[in-house]
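Peer 1: Got a structure for you, questions after.
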Amino acid sequence: MKIYNNANLIRKHQKGVLAIGNFDGIHLGHQKVIQDAKKKAIKNKLPFGIMTFEPVPVMFFDKRIKSHRINSLYQKINQFKKFKLDFLIIIKFNKKFSKLSAEQFIEKIIFKKTKCKYLYVSKNFRFGFKRRGNIKTLKKFENKFNYKNLIIKPYKKKKKVISSTLIRKKIREGKIKDVNKLLNRNWVVDGKVIKGNKRGRKIGFPTCNLKMGNYVIPRLGVYAVKVKSSDFNKKGVANIGYRPTFNGQNLLLETNIFGINKNLYNKVISVSFRKFIRGEKKFKDIEYLKKQIKIDIKHAKKQ
């Protein structure tokens, strides 16, 4: 998979099949768009690629939105690789790009740079200045700019449309099993282990601490997880919250990894959420907390 950090494709990747979208989460609905587009490319012996945007446009327009992403860009790229794309275009969503009108986007990016023959988008795709472009706009300019626009109907599960918005809502509610079904994989938070105050180690349950960065904040509490790094893949129990028993102020993801008791500072780990165990609560004292942690660990080891 060739990655382009703008839309200047080399000739062998032009005149192909292109799917466009934010693809945050690459959930079952996104997967359907990608699979349908890839089938079209194979059938017509054309190159196949995806165009996505960085940062996620809503976070560009509203700087107050911090906790939004289902995927990091790194995770998104790795998920795209699994579909064996020929190319991936990552458009830098900046002030200049945001001012392109819908027709300018079609002419300057889709037509002049990618020259795509088939264009796949979801039914609710919006683009161009003030999001004025939609599927009707794409249809209107098909003949002028020599592409065929193919619209994928929203993918439903149990009569509900699968969307990134729905998945974010379920993450915030702690409905991790539902989230994992909609993603067709476990939801994962990646990050570099940072130094904490070592309270976990002092009470007999050492933890690896991560900041949540731009990820959606799940329901505060305890989760059964799996933790992966370059040299291990272990079960664990994680707490996302403020540590009210210790009057904590900063949100942290703290993970006790089963069978690992070594310094992991500055190491990148992936915490894969498997099941919500309980909500965050303030304990009377450390002894009550320790008893609860032992119960949480038993639950997590069963998952």
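Lettering and numbering for the structure tokens are positional, with chains as A, B, ... in the shown order, residues counted from 1 in each chain, and ligands counted from 1 in the shown order.
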Residues near Lys123 (chain A), anyone? I mean within 9 Å using only C-alpha atoms, not counting same-chain ones fewer than 6 positions away, as a list of chain:residue names.
Peer 2: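 That gives A:Asn134, A:Ile135, A:Ile151, A:Ile152, A:Lys153, A:Pro154.
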Peer 1: The selected residues should be written to file as a PDB file, in the first residue's frame (atoms: N, CA and C atoms).
Peer 2:
```pdb
ATOM      1  N   ASN A 134     -22.788  17.301  -1.275  1.00  0.00           N
ATOM      2  CA  ASN A 134     -23.356  16.020  -0.841  1.00  0.00           C
ATOM      3  C   ASN A 134     -23.433  15.083  -2.046  1.00  0.00           C
ATOM      4  N   ILE A 135     -24.163  13.993  -1.903  1.00  0.00           N
ATOM      5  CA  ILE A 135     -24.197  13.014  -2.998  1.00  0.00           C
ATOM      6  C   ILE A 135     -24.873  13.587  -4.254  1.00  0.00           C
ATOM      7  N   ILE A 151     -23.035   5.158  -4.505  1.00  0.00           N
ATOM      8  CA  ILE A 151     -23.394   5.461  -3.116  1.00  0.00           C
ATOM      9  C   ILE A 151     -23.732   4.172  -2.384  1.00  0.00           C
ATOM     10  N   ILE A 152     -23.117   4.009  -1.224  1.00  0.00           N
ATOM     11  CA  ILE A 152     -23.391   2.834  -0.411  1.00  0.00           C
ATOM     12  C   ILE A 152     -24.451   3.186   0.629  1.00  0.00           C
ATOM     13  N   LYS A 153     -25.511   2.409   0.670  1.00  0.00           N
ATOM     14  CA  LYS A 153     -26.567   2.651   1.660  1.00  0.00           C
ATOM     15  C   LYS A 153     -26.030   2.368   3.065  1.00  0.00           C
ATOM     16  N   PRO A 154     -26.560   3.070   4.062  1.00  0.00           N
ATOM     17  CA  PRO A 154     -26.107   2.844   5.433  1.00  0.00           C
ATOM     18  C   PRO A 154     -26.236   1.377   5.832  1.00  0.00           C
TER      19      PRO A 154
END
```
Peer 1: Can you tell me, as a VMD selection string, what residues are no more than 12 Å from region 97-108 of chain A when counting only C-alpha atoms, ignoring any on the same chain fewer than 2 positions away?
Peer 2: chain A and resid 6 to 8 20 53 to 58 60 to 61 91 to 95 110 to 116 119 125 to 147 149
Peer 1: Just the residues within 10 Å of Pro47 (chain A), please, counting only C-alpha atoms, with nothing from its chain fewer than 4 positions along; format it as JSON, numbers by chain.
Peer 2: {"A": [12, 13, 14, 15, 16, 17, 18, 38, 40, 41, 42, 85, 86, 87, 116]}
Peer 1: Identify, on the basis of only C-alpha atoms, every residue whose closest approach to Lys81 (chain A) does not exceed 12 Å; exclude the query and any residue fewer than 4 positions from it along the same chain; express the result as a ChimeraX atom specification.
Peer 2: /A:1-3,26,34,49-50,74-77,85-88
Peer 1: Rank A:Ala37, A:Val216, A:Ile297, A:Ile70 by their smallest atom-to-atom distance to Leu150 (chain A), using only C-alpha atoms, and report the top residue only.
Peer 2: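 When distances to Leu150 (chain A) are compared using only C-alpha atoms, the smallest one comes from A:Ala37.
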Peer 1: If you run DSSP on this backbone, which residues of region 32-167 of chain A come out as strand (DSSP E or B), and could you give them as a ChimeraX atom specification?
Peer 2: /A:48-54,69,87-92,118-122,127,133,148-152,156-157,160-161
